[in-house]
Amino acid sequence: MDLANRTAVREFLLLGFSGAPWLQQALFALFLAVYLLSLVGNTLIIFIVLVEATLQTPMYVFLGNLSFLEIWYTTATVPKLLATCLSKGVAISVPGCIVQYYFFFSMGATECILLAVMAYDRYVAICSPLRYSLLMSLQLCLHFAAGSWVGGFEAPLLPTILISRLNFCGPQKINHFFCDSDPIFKLSCSDTFLAEALGYTCSSVVILSSFLLTMSSYGNIVATVLRLSSLEARKKTFSTCASHLTVVTIYYGTIIFAYVRPPAKYNFTIGKVISVFYCVVTPLVNPLIYTLRNKDVKKAIKKILAQKRFLLTRNRQEF
């Protein structure tokens with residue numbers, strides 16, 4: 001059919017996960033609980049880093065940025081995911097879909113860069129401890145953090161512009177819970193080759209380069225730790241790195257599987273399941289790992305709680 005005779009699609013319908021009503025309700029409860037815990041956990045980390053002077057160091061500045069990022073990263077997709085669990089489909093306008101695409105991939109790229117920067121920070125701290133304050137000053141740390149945000153939001157800009165110029169003529173159903181790249185391309189009646197190629201190239205470059213830089217930093221850390229004479233020092237360092245590597249493994253493992261592959265290989269069912277891990281699970285794992293396995297953060301939480309209790313006790317005594 002000629003393009004001029006087709007009816008332009010003005011909105012898409014996100015289908016989400018299909019299943020029996022009881023399964024949909026169970027998924028809604030599960031995803032809502034994880035989402036709320038993620039918001040609370042990441043907000044708590046930001047609050048602690050801001051109010052506790054001892055945590056205002058490069059490592060925790062990066063962690064605060066990561067937590068702030070995770071709040072918006074998960075908020076870009078999870079509300080629509082929750083809505084699809086309560087209905088057979090959720091409408092989203094074509095411009096709204098493209099905006100969601102841009103912000104989702106911008107924050108995803110920012111997280112890739114930020115994880116690489118955090119790995120470099122740990123590499124300098126462990127491999128060159130005497131030069132750490134020189135190589136990773138607070139000012140340089142802020143520049144790294146700002147650069148991560150700028151680079152992340154620039155990366156998907158051109159692919160997004162190309163997608164915004166595509167024509168969509170039906171069908172309008174997106175077999176996903178958010179506006180991911182492949183489902184959008186499947187619905188276009190324009191030539192998507194350039195947009196797909198550029199999007200695939202940008203995502204592969206950002207993901208693989210940041211992943212290799214991250215792994216290079218941790219590889220050097222492992223080599224340095226193995227040379228330590230003290231068994232206790234090795235255990236302590238490995239314990240710290242293990243928490244970081246857990247986050248890196250979950251996040252990079254899923255996004256490499258999802259985006260570093262030819263577009264023709266995309267499977268919508270598997271894609272939706274994999275997306276749950278980097279959209280829902282990882283934003284919750286970050287605060288859990290960085291708080292439960294970090295003595296400094298746990299100490300700061302206890303200190304803040306003790307101060308709150310002291311103020312409450314004093315106020316009661318005054319009245």
# chains A, B, ... in the order shown; residues from 1 in each chain; ligands from 1
>>> residues_around(residues="Leu194 (chain A)", least_positions_apart="5", cutoff="10 Å", atoms="only C-alpha atoms", output="ChimeraX atom specification")
/A:159,162-163,199-200
>>> select_by_dssp(residues="region 47-260 of chain A", states="strand (DSSP E)", output="PyMOL selection string")
chain A and resi 90-93+173-174
>>> write_last_selection(atoms="C-alpha atoms", output="short mmCIF file (atom, residue, chain, number, x, y, z; two decimals), in the first residue's frame")
data_model
loop_
_atom_site.label_atom_id
_atom_site.label_comp_id
_atom_site.auth_asym_id
_atom_site.auth_seq_id
_atom_site.Cartn_x
_atom_site.Cartn_y
_atom_site.Cartn_z
CA VAL A 90 -1.74 1.11 28.01
CA ALA A 91 -1.87 3.94 25.47
CA ILE A 92 1.11 6.21 24.92
CA SER A 93 1.32 8.93 22.28
CA LYS A 173 0.55 -2.48 19.43
CA ILE A 174 4.00 -2.59 21.07
#
>>> residues_around(residues="Cys241 (chain A)", least_positions_apart="5", cutoff="12 Å", atoms="only C-alpha atoms", output="VMD selection string")
chain A and resid 118 to 123 125 to 126 214 to 215 217 to 222 225 234 to 236 246 to 249 289 to 290 293 to 294
>>> atom_distance(atom1="CA of Ile45 (chain A)", atom2="CA of Met107 (chain A)")
18.5 Å
>>> residues_around(residues="Gln100 (chain A)", least_positions_apart="4", cutoff="12 Å", atoms="only C-alpha atoms", output="list in words")
Trp72, Tyr73, Thr74, Thr75, Ala76, Thr77, Val78, Pro79, Lys80, Ile92, Ser93, Val94, Pro95, Gly96, Phe104, Phe105, Ser106, Met107, Gly108, Pro156, Thr160, Ser164, Phe177, Phe178, Cys179, Asp180, Ser181 and Ile184 of chain A
>>> residues_around(residues="Ser18 (chain A)", least_positions_apart="4", cutoff="9 Å", atoms="only C-alpha atoms", output="PyMOL selection string")
chain A and resi 23-24+84-85+88
>>> write_last_selection(atoms="N, CA and C atoms", output="PDB file, in the first residue's frame")
ATOM      1  N   LEU A  23      -2.183 -13.876  37.689  1.00  0.00           N
ATOM      2  CA  LEU A  23      -0.751 -13.692  37.425  1.00  0.00           C
ATOM      3  C   LEU A  23      -0.428 -12.216  37.228  1.00  0.00           C
ATOM      4  N   GLN A  24      -1.308 -11.505  36.527  1.00  0.00           N
ATOM      5  CA  GLN A  24      -1.125 -10.071  36.315  1.00  0.00           C
ATOM      6  C   GLN A  24      -1.116  -9.316  37.645  1.00  0.00           C
ATOM      7  N   THR A  84       0.369  -1.717  32.734  1.00  0.00           N
ATOM      8  CA  THR A  84       0.057  -2.829  31.829  1.00  0.00           C
ATOM      9  C   THR A  84      -0.367  -4.082  32.591  1.00  0.00           C
ATOM     10  N   CYS A  85       0.029  -4.178  33.864  1.00  0.00           N
ATOM     11  CA  CYS A  85      -0.371  -5.332  34.679  1.00  0.00           C
ATOM     12  C   CYS A  85      -1.834  -5.243  35.095  1.00  0.00           C
ATOM     13  N   LYS A  88      -5.245  -4.581  29.693  1.00  0.00           N
ATOM     14  CA  LYS A  88      -4.760  -5.342  28.543  1.00  0.00           C
ATOM     15  C   LYS A  88      -3.837  -4.525  27.656  1.00  0.00           C
TER      16      LYS A  88
END
>>> closest_residue(among="A:Glu196, A:Thr224, A:Ile270, A:Leu208", to="Gly253 (chain A)", atoms="only C-alpha atoms")
A:Leu208
>>> residues_around(residues="Leu66 (chain A)", least_positions_apart="5", cutoff="10 Å", atoms="only C-alpha atoms", output="PyMOL selection string")
chain A and resi 42+45-46+60-61+71+73+110-111+114-115+118+145+283+286-287
>>> write_last_selection(atoms="C-alpha atoms", output="PDB file, in the first residue's frame")
ATOM      1  CA  ASN A  42      18.227   5.051  46.582  1.00  0.00           C
ATOM      2  CA  ILE A  45      21.657   6.723  50.012  1.00  0.00           C
ATOM      3  CA  ILE A  46      21.382  10.238  48.536  1.00  0.00           C
ATOM      4  CA  TYR A  60      30.263   8.257  47.732  1.00  0.00           C
ATOM      5  CA  VAL A  61      29.715  11.223  45.426  1.00  0.00           C
ATOM      6  CA  ILE A  71      15.482   6.683  40.689  1.00  0.00           C
ATOM      7  CA  TYR A  73      15.989   5.262  35.312  1.00  0.00           C
ATOM      8  CA  THR A 110      24.889   7.496  31.789  1.00  0.00           C
ATOM      9  CA  GLU A 111      24.868   4.452  34.056  1.00  0.00           C
ATOM     10  CA  LEU A 114      29.237   6.110  35.627  1.00  0.00           C
ATOM     11  CA  LEU A 115      29.959   2.450  36.455  1.00  0.00           C
ATOM     12  CA  MET A 118      33.376   4.188  39.693  1.00  0.00           C
ATOM     13  CA  ALA A 145      30.234  12.763  37.382  1.00  0.00           C
ATOM     14  CA  PRO A 283      17.932  -0.262  40.643  1.00  0.00           C
ATOM     15  CA  ASN A 286      22.387  -1.171  43.965  1.00  0.00           C
ATOM     16  CA  PRO A 287      21.210   0.318  47.300  1.00  0.00           C
TER      17      PRO A 287
END
